[in-house]
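A.B. asks: The following block contains the structure, expressed as structure tokens.
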Amino acid sequence: MIEIKDVTKYFDSNCAVNHVTLSIPEGVMFGLLGTNGAGKSTLLRMMAGILESDSGKILLDGEPVYENPLCKEKLFYLPDVPYYFPNSSMEDMIRFYRRNYPGMQKDGVSCMAGQLNLDMSMPLRTFSKGMKRQAFLILALCSGTRYLLCDEVFDGLDPVAAEIMKGLLREEMKERRMTVIAASHKLRDLEDFCQNIGIMHKGGMMRDGSLKERAREVTKFQCVFHVQGNAAAKEGSLERKQFAEFLGDAFELLCYVREGAFTTLVIRGDKEGAAKRLKEKHPVFLGEMPMTLEEIFIAEIEEAGYDIRKVLQQMV
């Protein structure tokens, strides 16, 4: 289990991680989402014991991880740009990693590399960005550690390779009790992959929890309101603030969009209660729409006041 207790990290006057508290249980795939500059990479490096927090504690299985060799033997940290020696191959990196990870499985690396048509004897410098990412994900999976920390885990992978790597990760999770923490600013990378998720924003942790619980908390409705005369027309064009006031304190309106006759609402709170409240407006149509992780993420960021256009640009 990884426990992060009120952790803060500054670089000069810039607060990269701001009083983050988070618990990551064993045996889960945990997604760390946020825009570029949200603090994900800094938090991962502190989890890995590479950086020391300015305040707060990070514990791995109850022990401080910073400058603790016994803790570091339990985890493999895969940065956004993995380091490798000049002219080294996957076979060379296996020999290097075995010094720190005695459980490194060469046969496992060979098997997985074969599935992705990676030549283990070729210099890594000749690999494309996507091939390097595949190679180091395989090395990380076969390191035999209980914890795997990945920064921009599927960055540079084509859709087919990404699905293959997800499948390999899931198989490893089934065979041994491994915990995976995967950071990404690309929402779709983690939507069908992680059971639990944390959303970072400007160095802080906005929300964390399981995807199933989050889906139960947030509902998207699409409505069509009957327009009759000026009064009904006025009612049909309620501003977001007015609609939030109508819903009351029991519900939080995360998103309000009108497109022609359709009004789309994203509401946090009891789903049945929200539907009952909306029916008081006598809609011509009221339907519940499925919510993707991407839509939940965007709704959370918008509610926090972040410029959603920047978020969308970074998801490309």
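Scheme for the structure tokens: letters A, B, ... for chains in order shown; per-chain residue numbers from 1; ligand numbers from 1 in order shown.
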Where does DSSP see strand (DSSP E or B) in segment 102-176 of chain A, if you list the residues as a list in words?
C.D. replies: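 DSSP-assigned strand (DSSP E or B) residues in segment 102-176 of chain A: Pro123, Tyr147, Leu148, Leu149, Cys150 and Asp151 of chain A.
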A.B. asks: Applying 9 Å and only C-alpha atoms, which residues near Asp61 of chain A remain after dropping the ones on its own chain fewer than 6 positions away? List them as a VMD selection string.
C.D. replies: chain A and resid 1 to 3 71
A.B. asks: Go ahead and dump the residues you just picked, C-alpha atoms, as a compact mmCIF listing (two decimals), in the first residue's frame.
C.D. replies:
# COMPACT_ATOMS: atom_id res chain seq x y z
CA MET A 1 0.00 0.00 0.00
CA ILE A 2 1.20 3.51 -0.82
CA GLU A 3 0.21 6.25 1.60
CA CYS A 71 11.42 -0.01 -0.34
A.B. asks: Using only C-alpha atoms, find each residue in segment 139-221 of chain A having at least one atom no more than 8 Å away from segment 75-97 of chain A; report its shortest atom-to-atom pair and that distance in Å (one decimal), rows by chain then rising number, as JSON lines.
C.D. replies:
{"residue": "A:Leu139", "atom": "CA", "partner": "A:Ile94", "partner_atom": "CA", "distance": 7.2}
{"residue": "A:Ala140", "atom": "CA", "partner": "A:Phe76", "partner_atom": "CA", "distance": 6.2}
{"residue": "A:Ser143", "atom": "CA", "partner": "A:Phe76", "partner_atom": "CA", "distance": 7.4}
{"residue": "A:Thr145", "atom": "CA", "partner": "A:Leu75", "partner_atom": "CA", "distance": 5.3}
{"residue": "A:Arg146", "atom": "CA", "partner": "A:Leu75", "partner_atom": "CA", "distance": 6.1}
{"residue": "A:Tyr147", "atom": "CA", "partner": "A:Leu75", "partner_atom": "CA", "distance": 4.4}
{"residue": "A:Leu148", "atom": "CA", "partner": "A:Phe76", "partner_atom": "CA", "distance": 5.0}
{"residue": "A:Leu149", "atom": "CA", "partner": "A:Tyr77", "partner_atom": "CA", "distance": 4.7}
{"residue": "A:Cys150", "atom": "CA", "partner": "A:Leu78", "partner_atom": "CA", "distance": 4.8}
{"residue": "A:Asp151", "atom": "CA", "partner": "A:Asp80", "partner_atom": "CA", "distance": 5.0}
{"residue": "A:Glu152", "atom": "CA", "partner": "A:Asp80", "partner_atom": "CA", "distance": 5.6}
{"residue": "A:Val153", "atom": "CA", "partner": "A:Asp80", "partner_atom": "CA", "distance": 7.4}
A.B. asks: Select, from A:Met165, A:Ile181, A:Leu278, A:Met46, the residue with the minimum atom-to-atom distance to Ala16 of chain A, counting only C-alpha atoms.
C.D. replies: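 Result for the nearest residue to Ala16 of chain A: A:Met46.
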A.B. asks: From the options A:Ile50, A:Ile4, A:Ala274, A:Leu265, which residue's atoms come nearest to Met289 of chain A, counting only C-alpha atoms?
C.D. replies: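 Among the listed residues, the smallest separation from Met289 of chain A belongs to A:Leu265.
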A.B. asks: Of the residues A:Phe246, A:Phe11, A:Phe154, A:Phe221, which is the one nearest to Leu190 of chain A, using only C-alpha atoms?
C.D. replies: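 Nearest candidate to Leu190 of chain A out of A:Phe246, A:Phe11, A:Phe154, A:Phe221: A:Phe154.
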A.B. asks: Expressed in Å to a single decimal, how great is the separation between atom CA of Gln242 of chain A and atom CA of Thr292 of chain A?
C.D. replies: 26.4 Å
A.B. asks: Could you name the residues that touch Leu253 of chain A at 12 Å or less, counting only C-alpha atoms, but leaving out those on the same chain fewer than 6 positions away, as a ChimeraX atom specification?
C.D. replies: /A:217-221,239-247,264-269,274,299-300,302-303
A.B. asks: Can you tell me, as a short mmCIF file (atom, residue, chain, number, x, y, z; two decimals) with N, CA and C atoms, in the first residue's frame, what residues are no more than 8 Å from Gly56 of chain A when counting only C-alpha atoms, ignoring any on the same chain fewer than 5 positions away?
C.D. replies:
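Final output, saved to part-v9.cif:
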data_model
loop_
_atom_site.label_atom_id
_atom_site.label_comp_id
_atom_site.auth_asym_id
_atom_site.auth_seq_id
_atom_site.Cartn_x
_atom_site.Cartn_y
_atom_site.Cartn_z
N ILE A 4 0.20 8.56 0.93
CA ILE A 4 0.73 9.91 0.72
C ILE A 4 -0.01 10.82 1.69
N LYS A 5 0.73 11.42 2.61
CA LYS A 5 0.12 12.17 3.70
C LYS A 5 0.55 13.63 3.66
N ASP A 6 -0.35 14.49 3.18
CA ASP A 6 -0.17 15.94 3.19
C ASP A 6 1.19 16.35 2.62
N VAL A 7 1.49 15.85 1.42
CA VAL A 7 2.80 16.05 0.80
C VAL A 7 2.82 17.33 -0.03
N THR A 8 3.88 18.10 0.14
CA THR A 8 4.09 19.34 -0.62
C THR A 8 5.52 19.35 -1.17
N HIS A 19 0.05 19.91 -0.87
CA HIS A 19 -0.71 19.26 0.21
C HIS A 19 -1.58 18.10 -0.30
#
A.B. asks: Between atom CA of Leu116 of chain A and atom CA of Asp189 of chain A, what distance in Å does the model show, to one decimal?
C.D. replies: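 Interatomic distance here is 18.8 Å.
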